[in-house]
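As provided, coords14.txt (compact mmCIF, C-alpha atoms) reads as follows.
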```
# COMPACT_ATOMS: atom_id res chain seq x y z
CA MET C 1 -2.17 16.52 1.36
CA ASN C 2 -3.86 19.28 -0.64
CA TRP C 3 -3.87 20.12 -4.32
CA PHE C 4 -2.44 23.48 -5.34
CA LEU C 5 -4.36 24.48 -8.46
CA VAL C 6 -2.92 27.18 -10.71
CA SER C 7 -4.27 28.35 -14.07
CA LEU C 8 -1.67 29.06 -16.75
CA PRO C 9 -2.22 31.53 -19.62
CA GLU C 10 -1.67 31.04 -23.34
CA PRO C 11 1.97 30.21 -24.14
CA ASP C 12 2.70 33.61 -25.68
CA ALA C 13 1.49 35.30 -22.46
CA ALA C 14 3.37 33.02 -20.03
CA THR C 15 5.85 35.48 -18.51
CA GLN C 16 7.06 35.81 -14.95
CA ALA C 17 4.97 38.96 -14.60
CA SER C 18 1.74 37.20 -15.63
CA VAL C 19 -0.82 37.25 -12.81
CA LEU C 20 -2.21 33.78 -12.25
CA ASP C 21 -5.24 32.62 -10.31
CA TRP C 22 -4.50 29.85 -7.82
CA ALA C 23 -6.42 27.85 -5.24
CA ARG C 24 -5.61 25.32 -2.55
CA VAL C 25 -8.04 22.43 -2.86
CA GLY C 26 -8.74 19.86 -0.14
CA ALA C 27 -9.03 16.13 -0.66
CA GLY C 28 -12.80 16.47 -0.96
CA GLY C 29 -12.58 18.98 -3.81
CA SER C 30 -13.43 22.04 -1.70
CA LEU C 31 -11.58 25.34 -2.01
CA LEU C 32 -9.57 26.04 1.14
CA GLU C 33 -7.71 29.13 0.04
CA ARG C 34 -7.28 31.14 -3.13
CA GLY C 35 -5.65 34.19 -4.58
CA SER C 36 -3.96 35.84 -7.57
CA THR C 37 -0.18 36.16 -7.75
CA PRO C 38 2.40 36.88 -10.45
CA LEU C 39 3.99 33.70 -11.77
CA GLU C 40 7.33 34.62 -10.24
CA GLY C 41 5.74 34.61 -6.76
CA ILE C 42 3.69 31.41 -7.02
CA SER C 43 6.36 29.33 -5.26
CA GLU C 44 5.98 31.51 -2.16
CA GLN C 45 2.34 30.43 -1.87
CA LEU C 46 3.17 26.73 -1.75
CA ARG C 47 3.11 24.81 1.51
CA THR C 48 4.71 21.55 2.51
CA GLY C 49 2.74 18.67 1.05
CA ASP C 50 1.01 20.69 -1.70
CA ARG C 51 0.67 18.78 -4.98
CA VAL C 52 0.80 21.30 -7.79
CA VAL C 53 -1.70 20.93 -10.65
CA ALA C 54 -1.17 23.40 -13.48
CA LEU C 55 -4.17 23.98 -15.76
CA VAL C 56 -3.47 24.88 -19.38
CA PRO C 57 -6.05 26.40 -21.74
CA GLY C 58 -8.20 23.83 -23.51
CA GLU C 59 -7.79 25.85 -26.70
CA ARG C 60 -4.11 24.77 -26.80
CA ALA C 61 -4.50 21.24 -25.40
CA LEU C 62 -7.31 19.63 -27.35
CA LEU C 63 -9.26 16.53 -26.33
CA TYR C 64 -10.29 13.87 -28.85
CA HIS C 65 -12.45 10.77 -28.84
CA VAL C 66 -10.67 8.19 -30.96
CA ALA C 67 -12.14 4.90 -32.19
CA ILE C 68 -9.47 2.20 -32.35
CA PRO C 69 -10.58 -1.39 -33.13
CA ALA C 70 -7.73 -2.97 -31.16
CA ARG C 71 -8.72 -4.28 -27.75
CA SER C 72 -5.35 -4.50 -26.03
CA ARG C 73 -4.07 -1.35 -24.36
CA SER C 74 -0.61 -1.65 -25.93
CA ALA C 75 -2.05 -1.94 -29.46
CA GLN C 76 -4.30 1.07 -28.83
CA LEU C 77 -1.38 3.19 -27.70
CA GLN C 78 0.63 2.24 -30.77
CA ALA C 79 -2.22 3.07 -33.13
CA LEU C 80 -3.32 6.30 -31.40
CA PRO C 81 -0.97 8.76 -33.20
CA TYR C 82 -1.92 7.40 -36.62
CA ALA C 83 -5.63 7.47 -35.77
CA LEU C 84 -5.27 11.19 -34.99
CA GLU C 85 -3.08 12.07 -37.94
CA ASP C 86 -5.94 13.16 -40.24
CA ARG C 87 -7.47 15.30 -37.48
CA LEU C 88 -4.33 17.30 -36.68
CA SER C 89 -3.18 20.32 -38.61
CA GLU C 90 0.48 19.83 -37.67
CA ASP C 91 3.01 17.07 -38.12
CA LEU C 92 2.83 14.23 -35.60
CA ASP C 93 6.45 14.78 -34.61
CA ALA C 94 5.57 18.30 -33.41
CA MET C 95 2.72 17.11 -31.18
CA HIS C 96 2.67 15.60 -27.70
CA ILE C 97 -0.08 12.96 -27.52
CA VAL C 98 -1.29 11.59 -24.20
CA PRO C 99 -3.68 8.61 -24.08
CA GLY C 100 -6.45 8.71 -21.53
CA PRO C 101 -9.10 6.29 -20.28
CA ARG C 102 -11.37 4.14 -22.42
CA LEU C 103 -14.88 5.60 -22.62
CA THR C 104 -18.15 3.76 -22.15
CA ASP C 105 -18.73 3.66 -25.93
CA GLY C 106 -15.37 1.93 -26.43
CA GLN C 107 -13.53 4.98 -27.77
CA LEU C 108 -10.26 6.22 -26.35
CA LEU C 109 -9.94 9.71 -24.89
CA ALA C 110 -6.71 11.49 -25.80
CA ALA C 111 -5.13 14.90 -25.23
CA VAL C 112 -2.93 16.61 -27.80
CA ALA C 113 -0.70 19.65 -27.28
CA ALA C 114 2.08 21.16 -29.37
CA LYS C 115 5.53 20.39 -28.02
CA ARG C 116 6.54 24.03 -28.40
CA ASP C 117 3.67 25.03 -26.08
CA MET C 118 4.69 22.37 -23.57
CA ASP C 119 8.24 23.69 -23.58
CA VAL C 120 7.06 27.27 -22.96
CA TRP C 121 4.78 26.33 -20.04
CA LEU C 122 7.34 24.09 -18.34
CA GLU C 123 10.17 26.58 -18.76
CA ALA C 124 8.03 29.34 -17.22
CA LEU C 125 7.18 27.11 -14.24
CA ARG C 126 10.82 26.08 -13.76
CA ASP C 127 11.94 29.71 -13.84
CA ALA C 128 9.37 30.41 -11.12
CA GLY C 129 10.67 27.51 -9.01
CA VAL C 130 7.50 25.44 -9.39
CA GLU C 131 7.56 21.68 -10.05
CA PRO C 132 4.03 20.59 -11.04
CA ARG C 133 2.74 17.11 -10.32
CA CYS C 134 0.20 17.34 -13.15
CA LEU C 135 -0.28 19.49 -16.23
CA LEU C 136 -3.91 19.19 -17.31
CA PRO C 137 -6.15 20.76 -19.96
CA ASP C 138 -8.78 22.71 -18.03
CA THR C 139 -11.47 21.13 -20.23
CA ALA C 140 -10.51 17.68 -18.87
CA LEU C 141 -11.90 18.68 -15.44
CA LEU C 142 -15.29 19.97 -16.57
CA PRO C 143 -18.33 18.39 -14.90
CA PRO C 144 -19.77 15.58 -17.02
CA ALA C 145 -22.72 16.53 -19.21
CA PRO C 146 -26.11 14.95 -18.45
CA GLU C 147 -27.70 12.99 -21.27
CA ASN C 148 -29.04 15.21 -24.10
CA ARG C 149 -27.93 18.40 -22.36
CA LEU C 150 -25.24 20.67 -23.79
CA GLN C 151 -23.31 22.44 -21.03
CA VAL C 152 -22.02 25.92 -21.93
CA TYR C 153 -19.87 27.84 -19.44
CA ALA C 154 -19.77 31.39 -20.79
CA HIS C 155 -17.20 34.04 -19.88
CA PRO C 156 -16.65 37.40 -21.57
CA GLU C 157 -13.33 36.14 -22.96
CA ARG C 158 -13.74 32.40 -23.47
CA CYS C 159 -16.36 29.69 -23.29
CA LEU C 160 -16.10 26.07 -22.19
CA MET C 161 -18.45 23.45 -23.64
CA GLN C 162 -19.29 19.90 -22.66
CA ALA C 163 -21.56 18.22 -25.19
CA PRO C 164 -23.31 14.95 -24.30
CA GLY C 165 -21.11 12.17 -25.66
CA GLY C 166 -18.83 14.73 -27.27
CA GLU C 167 -15.38 16.09 -26.65
CA PRO C 168 -15.00 18.86 -24.04
CA MET C 169 -13.65 21.98 -25.67
CA ALA C 170 -12.90 25.66 -25.23
CA LEU C 171 -12.99 28.58 -27.65
CA ALA C 172 -13.12 32.37 -27.72
CA THR C 173 -16.52 33.80 -26.83
CA GLU C 174 -16.72 35.63 -30.14
CA LEU C 175 -16.64 32.25 -31.92
CA LEU C 176 -19.49 30.80 -29.86
CA PRO C 177 -22.33 31.83 -32.28
CA TRP C 178 -20.53 30.13 -35.17
CA TRP C 179 -19.93 26.95 -33.16
CA LEU C 180 -23.53 26.76 -31.90
CA ALA C 181 -24.89 27.27 -35.41
CA ARG C 182 -22.66 24.47 -36.65
CA TRP C 183 -23.68 22.26 -33.72
CA GLN C 184 -27.39 22.84 -34.42
CA ALA C 185 -26.87 22.17 -38.15
CA GLN C 186 -25.49 18.76 -37.30
CA GLY C 187 -28.84 17.75 -35.85
CA GLU C 188 -28.05 18.30 -32.17
CA GLN C 189 -30.78 20.92 -31.74
CA GLU C 190 -32.96 18.45 -29.90
CA ALA C 191 -30.58 18.59 -26.95
CA THR C 192 -31.27 21.09 -24.22
CA ILE C 193 -28.74 23.87 -23.72
CA ASP C 194 -27.74 24.56 -20.13
CA TRP C 195 -26.33 28.08 -20.17
CA HIS C 196 -23.95 28.87 -17.30
CA GLY C 197 -23.04 32.52 -17.21
CA PRO C 198 -24.46 35.91 -18.08
CA ALA C 199 -27.52 35.64 -20.33
CA GLU C 200 -26.37 38.59 -22.46
CA LEU C 201 -23.43 36.52 -23.72
CA ALA C 202 -25.79 34.01 -25.33
CA PRO C 203 -26.38 34.45 -29.09
CA GLU C 204 -29.89 35.58 -30.10
CA GLY C 205 -30.75 32.21 -31.57
CA VAL C 206 -29.97 30.57 -28.26
CA ARG C 207 -31.83 33.08 -26.10
CA GLU C 208 -34.96 32.59 -28.22
CA ARG C 209 -35.03 28.84 -27.66
CA PRO C 210 -37.91 27.77 -25.40
CA ASP C 211 -35.57 25.53 -23.47
CA PHE C 212 -33.05 28.30 -22.83
CA GLU C 213 -32.52 28.47 -19.10
CA PRO C 214 -29.57 30.53 -17.88
CA ARG C 215 -27.88 29.34 -14.73
CA GLY C 216 -25.64 31.30 -12.51
CA TRP C 217 -21.88 31.07 -13.08
CA ASP C 218 -19.50 33.88 -12.23
CA GLY C 219 -16.73 32.69 -14.52
CA ASP C 220 -14.69 31.18 -11.68
CA LEU C 221 -12.79 28.44 -13.50
CA LEU C 222 -10.98 27.08 -10.44
CA ALA C 223 -14.19 26.65 -8.45
CA LEU C 224 -15.75 24.91 -11.47
CA VAL C 225 -13.02 22.30 -11.92
CA ALA C 226 -11.88 21.81 -8.30
CA PRO C 227 -14.46 19.06 -7.50
CA ALA C 228 -12.93 16.89 -10.25
CA LEU C 229 -9.74 16.61 -8.18
CA ARG C 230 -11.54 14.25 -5.82
CA ARG C 231 -10.80 11.64 -8.47
CA ARG C 232 -7.32 10.83 -9.70
CA PRO C 233 -6.73 13.26 -12.60
CA THR C 234 -6.34 11.67 -16.01
CA LEU C 235 -4.78 13.02 -19.21
CA ASN C 236 -1.71 14.32 -17.38
CA LEU C 237 0.45 15.99 -20.04
CA LEU C 238 3.52 15.34 -17.87
CA SER C 239 4.13 11.93 -19.35
CA GLY C 240 6.60 10.35 -21.73
CA PRO C 241 9.42 12.82 -22.46
CA TYR C 242 7.80 15.37 -20.12
CA ALA C 243 7.53 13.09 -17.09
CA PRO C 244 8.93 14.78 -13.95
CA ALA C 245 12.43 13.72 -12.91
CA GLY C 246 12.26 10.90 -10.39
CA SER C 247 8.73 9.83 -11.29
CA GLY C 248 8.05 6.17 -11.90
CA ALA C 249 7.39 6.72 -15.61
CA GLU C 250 10.56 8.76 -16.09
CA VAL C 251 12.71 6.33 -14.14
CA TRP C 252 11.34 3.34 -16.02
CA SER C 253 11.83 5.10 -19.36
CA ARG C 254 15.46 5.84 -18.46
CA TRP C 255 16.28 2.40 -17.08
CA ARG C 256 14.15 0.22 -19.34
CA ILE C 257 16.95 -0.73 -21.74
CA PRO C 258 19.61 -1.25 -19.01
CA ALA C 259 17.10 -3.33 -17.05
CA ALA C 260 16.44 -5.50 -20.11
CA ILE C 261 20.18 -5.95 -20.64
CA ALA C 262 20.68 -6.80 -16.96
CA ALA C 263 17.84 -9.33 -17.10
CA GLY C 264 19.40 -10.94 -20.16
CA LEU C 265 22.80 -11.11 -18.52
CA LEU C 266 21.24 -12.58 -15.39
CA LEU C 267 19.56 -15.30 -17.43
CA LEU C 268 22.80 -15.96 -19.30
CA TRP C 269 24.76 -16.17 -16.05
CA GLY C 270 22.16 -18.47 -14.51
CA GLY C 271 22.30 -20.72 -17.57
CA SER C 272 26.09 -20.87 -17.55
CA LEU C 273 26.09 -21.60 -13.80
CA TRP C 274 23.66 -24.47 -14.33
CA LEU C 275 25.84 -25.88 -17.12
CA GLU C 276 28.93 -25.58 -14.93
CA LEU C 277 27.22 -27.36 -12.03
CA ARG C 278 26.05 -30.06 -14.40
CA HIS C 279 29.58 -30.48 -15.72
CA LEU C 280 30.97 -30.71 -12.18
CA GLU C 281 28.39 -33.34 -11.27
CA GLN C 282 29.47 -35.40 -14.27
CA GLU C 283 33.14 -35.04 -13.28
CA VAL C 284 32.33 -36.14 -9.72
CA GLN C 285 30.53 -39.19 -11.07
CA GLN C 286 33.52 -40.01 -13.30
CA VAL C 287 35.94 -39.67 -10.36
CA ASP C 288 33.72 -41.87 -8.20
CA ARG C 289 33.68 -44.54 -10.91
CA ALA C 290 37.46 -44.30 -11.32
CA ILE C 291 37.99 -44.65 -7.56
CA SER C 292 35.68 -47.65 -7.49
CA ASP C 293 37.49 -49.30 -10.42
CA LEU C 294 40.92 -48.62 -8.85
CA PHE C 295 39.79 -49.95 -5.47
CA GLU C 296 38.42 -53.11 -7.05
CA ALA C 297 41.63 -53.65 -9.05
CA THR C 298 43.93 -52.91 -6.09
CA LEU C 299 42.02 -54.48 -3.22
CA PRO C 300 39.82 -57.14 -4.81
CA GLY C 301 37.26 -58.70 -2.53
CA THR C 302 37.43 -55.79 -0.05
CA ARG C 303 34.32 -53.76 0.72
CA MET C 304 34.94 -50.09 -0.10
CA VAL C 305 34.03 -47.83 2.81
CA ASP C 306 36.62 -45.04 2.90
CA PRO C 307 39.07 -45.56 0.02
CA SER C 308 41.67 -43.02 1.15
CA GLU C 309 41.83 -44.42 4.69
CA GLN C 310 41.87 -48.01 3.45
CA PHE C 311 44.72 -47.27 1.02
CA ARG C 312 46.60 -45.38 3.76
CA ALA C 313 46.23 -48.37 6.12
CA VAL C 314 47.66 -50.71 3.48
CA LEU C 315 50.62 -48.38 2.84
CA GLU C 316 51.38 -47.91 6.54
CA SER C 317 51.20 -51.65 7.29
CA GLY C 318 53.44 -52.62 4.36
CA SER C 319 51.81 -56.05 4.48
CA GLU C 320 49.19 -58.09 2.72
CA GLU C 321 46.65 -57.79 5.51
CA GLY C 322 44.62 -55.30 3.56
CA GLY C 323 43.77 -57.86 0.95
CA LEU C 324 46.28 -56.57 -1.65
CA ASP C 325 47.28 -59.17 -4.26
CA PRO C 326 51.07 -59.61 -3.71
CA SER C 327 51.58 -60.74 -7.30
CA SER C 328 50.21 -57.56 -8.88
CA PRO C 329 52.63 -54.80 -10.02
CA ILE C 330 50.74 -52.27 -7.94
CA ALA C 331 51.05 -54.44 -4.83
CA ARG C 332 54.81 -54.84 -5.34
CA ARG C 333 55.19 -51.11 -5.92
CA LEU C 334 53.19 -50.20 -2.81
CA ALA C 335 54.97 -52.84 -0.70
CA HIS C 336 58.32 -51.30 -1.66
CA ALA C 337 57.15 -47.70 -1.17
CA ALA C 338 55.27 -48.11 2.11
CA PRO C 339 58.31 -48.39 4.46
CA ALA C 340 60.00 -45.37 2.86
CA LEU C 341 56.83 -43.32 3.15
CA ALA C 342 56.36 -44.32 6.76
CA ARG C 343 59.96 -43.38 7.68
CA ALA C 344 59.70 -40.04 5.91
CA GLY C 345 56.63 -39.10 7.96
CA VAL C 346 54.71 -37.89 4.93
CA GLU C 347 50.95 -37.47 4.62
CA LEU C 348 49.43 -39.31 1.69
CA ARG C 349 46.68 -37.23 0.10
CA GLN C 350 45.94 -39.17 -3.06
CA LEU C 351 46.99 -42.37 -4.83
CA ARG C 352 46.44 -43.26 -8.47
CA ALA C 353 47.55 -46.44 -10.26
CA ASP C 354 47.51 -47.45 -13.89
CA GLY C 355 49.15 -50.74 -14.87
CA ASP C 356 52.58 -50.74 -13.20
CA ARG C 357 52.60 -46.96 -12.75
CA VAL C 358 51.71 -45.41 -9.40
CA GLU C 359 51.21 -41.69 -8.73
CA LEU C 360 51.33 -40.38 -5.18
CA GLU C 361 50.28 -36.92 -3.94
CA LEU C 362 52.09 -36.18 -0.69
CA ASP C 363 52.56 -33.46 1.91
CA LEU C 364 56.18 -33.18 3.23
CA ASP C 365 58.10 -30.83 5.45
CA SER C 366 60.58 -29.53 2.86
CA ILE C 367 62.17 -29.98 -0.56
CA THR C 368 65.07 -31.77 1.16
CA ALA C 369 62.67 -34.33 2.61
CA LEU C 370 61.25 -34.81 -0.89
CA ASP C 371 64.70 -35.49 -2.38
CA ASN C 372 65.51 -37.93 0.42
CA LEU C 373 62.22 -39.75 -0.13
CA ARG C 374 62.91 -40.10 -3.86
CA SER C 375 66.35 -41.57 -3.07
CA ARG C 376 64.87 -44.13 -0.66
CA LEU C 377 62.25 -45.19 -3.20
CA ARG C 378 64.98 -45.80 -5.77
CA GLU C 379 67.08 -47.98 -3.43
CA GLY C 380 66.86 -51.70 -4.24
CA SER C 381 64.49 -51.18 -7.17
CA ALA C 382 64.82 -50.82 -10.89
CA ALA C 383 61.78 -48.57 -10.99
CA SER C 384 62.05 -44.95 -12.05
CA VAL C 385 60.89 -42.32 -9.59
CA ARG C 386 60.02 -38.91 -10.97
CA ILE C 387 58.86 -35.75 -9.27
CA LEU C 388 55.92 -34.52 -11.39
CA SER C 389 55.30 -31.34 -9.38
CA ALA C 390 56.28 -29.67 -6.13
CA GLU C 391 54.72 -26.57 -4.59
CA SER C 392 56.10 -25.11 -1.39
CA ASP C 393 54.52 -22.70 1.07
CA GLU C 394 54.79 -21.79 4.74
CA GLN C 395 53.27 -25.11 5.81
CA GLY C 396 55.61 -27.32 3.76
CA VAL C 397 55.70 -28.94 0.34
CA ARG C 398 52.95 -30.64 -1.64
CA ALA C 399 54.40 -32.94 -4.29
CA ARG C 400 53.33 -35.48 -6.86
CA LEU C 401 55.59 -38.53 -7.39
CA GLN C 402 55.41 -41.12 -10.11
CA ILE C 403 56.84 -44.62 -9.66
CA GLU C 404 57.05 -46.57 -12.90
CA GLY C 405 58.84 -49.66 -14.22
CA SER C 406 59.85 -53.04 -12.81
CA GLY C 407 58.65 -53.73 -9.34
CA SER C 408 61.35 -56.22 -8.46
```

Mind converting the file's structure to structure tokens?
Amino acid sequence: MNWFLVSLPEPDAATQASVLDWARVGAGGSLLERGSTPLEGISEQLRTGDRVVALVPGERALLYHVAIPARSRSAQLQALPYALEDRLSEDLDAMHIVPGPRLTDGQLLAAVAAKRDMDVWLEALRDAGVEPRCLLPDTALLPPAPENRLQVYAHPERCLMQAPGGEPMALATELLPWWLARWQAQGEQEATIDWHGPAELAPEGVRERPDFEPRGWDGDLLALVAPALRRRPTLNLLSGPYAPAGSGAEVWSRWRIPAAIAAGLLLLWGGSLWLELRHLEQEVQQVDRAISDLFEATLPGTRMVDPSEQFRAVLESGSEEGGLDPSSPIARRLAHAAPALARAGVELRQLRADGDRVELELDLDSITALDNLRSRLREGSAASVRILSAESDEQGVRARLQIEGSGS
């Protein structure tokens, strides 16, 4: 994929009729194609796969070197706006601040643009049907300055400067003599000045320097900055609230709070599920102990293998062969109930006993069969037989019976 480089004008000149210089740049930083087109026609120059990089004037998107003692990246980002506050002429709320990479001297590079300028540039691009991948200050793509050599790129209208160890900047050509005089007054005169551009644009004090050596530059900004696109561009102004729709930063910003809530709910659900499983395990252990105690009380001396089958065998036999103590109330109750249960053809699902009270959970064919079974259990016994519950469905009736009282 290629970069599509387009140079935007000052915000007050960004109209659809503005003629913009553009260039298609290959992956190696070489110019493949270029031209000049009104902003309203830029979208017609785009090809499939072009990544649009819009350059904005460095006069309106300033670069700063900021010294922040904090080492962690998050702490630096939090402190950055306040570290710049004294250097900005406008309120922080009106400025869009973008942190860049950490420099070799430990300082942080940052770009600052007014939000009103950002709004004008982006609205003009949207009206032209252009969705940029990056919005960069043109000064951020200047070639790095060699040690002790001030780089000046002079144009009849504006000049770009890259001072060794300093902040890249841009200013009107008519202000260049004042800036150079100030720069020399600060003790930087020992540095060599590399003058790129027409020699006649250099102030007299600069032309008279013995180290003044003009170098050819035709003022072609796009050709100057294109090689920098070989590296991943930094200081992209399309970040934070200006991140393109669908980008990773914009998506994360939009879904950060819902994702945190979802993560919290997931942890809460996982915790409640663990507690529920723990509670069920404890209930299973309690039921196992209760079954063991009931088996020992009902069939003493018998090895417990399959309690339900062993109880069912005792009920179906109606005898003492299962090891049931004939003198116990439970034994007498079961001995009386077993024949009636066998004749009724019921399926015993569960048996519980407590003292002289026995509860049976049964599956029967119908409510009528349940009433008949209750009548048979009452015959020849002073015990009370109660139906605790009965639920019917297409397959029959599931009922719980309680037999309580004298077993004789």

Query raised in the report: Contacts of Gly197 in chain C at 10 Å or less, counting all atoms listed in the file, minus same-chain residues fewer than 4 places along, as a VMD selection string?
Result: chain C and resid 152 to 156 159 201 to 202 214 to 219

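For the pair CA of Gln107 in chain C and CA of Ala67 in chain C, the interatomic distance is 4.6 Å.
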
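Picture a line from CA of Pro99 in chain C to CA of Ala113 in chain C; it runs 11.9 Å.
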
Query - Pick from C:Arg102, C:His279, C:Arg209, C:Arg333, whichever lies nearest to Asp354 in chain C using all atoms listed in the file - result: C:Arg333

**Report entry** Shortest interatomic distance to Glu361 in chain C - which of C:Val305, C:Leu237, C:Ile387, C:Leu80, counting all atoms listed in the file
**Finding:** C:Ile387

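Atom pair CA of Ser36 in chain C / CA of Val19 in chain C has a distance of 6.3 Å (rounded to one decimal).
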
How close does range 16-37 of chain C get to range 46-59 of chain C? List, as a Markdown table, each residue of range 16-37 of chain C within 12 Å, its nearest atom pair and the distance in Å to one decimal, counting all atoms listed in the file.
```
| residue | atom | partner | partner_atom | distance |
| --- | --- | --- | --- | --- |
| C:Leu20 | CA | C:Ala54 | CA | 10.5 |
| C:Asp21 | CA | C:Leu55 | CA | 10.3 |
| C:Trp22 | CA | C:Ala54 | CA | 9.2 |
| C:Ala23 | CA | C:Val53 | CA | 10.0 |
| C:Arg24 | CA | C:Asp50 | CA | 8.1 |
| C:Val25 | CA | C:Asp50 | CA | 9.3 |
| C:Gly26 | CA | C:Asp50 | CA | 9.9 |
| C:Ala27 | CA | C:Arg51 | CA | 10.9 |
| C:Glu33 | CA | C:Leu46 | CA | 11.3 |
| C:Arg34 | CA | C:Leu46 | CA | 11.4 |
| C:Gly35 | CA | C:Leu46 | CA | 11.9 |
| C:Thr37 | CA | C:Leu46 | CA | 11.7 |
```

Report summary line: Residue with the minimum atom-to-atom distance to Asn2 in chain C, picked from C:Leu341, C:Ala75, C:Leu229, C:Leu334 with only C-alpha atoms counted, is C:Leu229

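With distances restricted to only C-alpha atoms, C:Thr139 is the closest residue to Ala111 in chain C from C:Gln151, C:Ser18, C:Thr139, C:Gln162.
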
**Report entry** From C:Val206, C:Leu150, C:Ala383, C:Ile403, residue lying nearest Pro177 in chain C [all atoms listed in the file]
**Finding:** C:Val206

Report task. Name the residues within 10 Å of (-9.8, 13.6, -6.7), counting all atoms listed in the file in the file's coordinates, and put them as a ChimeraX atom specification. Result -> /C:3,25-29,226-233

Kindly provide the residues of range 180-246 of chain C that approach range 7-16 of chain C to within 12 Å, each paired with its closest atom pair and their distance in Å to one decimal, based on all atoms listed in the file, listed by chain and increasing number, as a Markdown table.
```
| residue | atom | partner | partner_atom | distance |
| --- | --- | --- | --- | --- |
| C:Asp220 | CA | C:Ser7 | CA | 11.1 |
| C:Leu221 | CA | C:Ser7 | CA | 8.5 |
| C:Leu222 | CA | C:Ser7 | CA | 7.7 |
| C:Ala223 | CA | C:Ser7 | CA | 11.5 |
| C:Val225 | CA | C:Ser7 | CA | 10.9 |
| C:Ala226 | CA | C:Ser7 | CA | 11.6 |
```
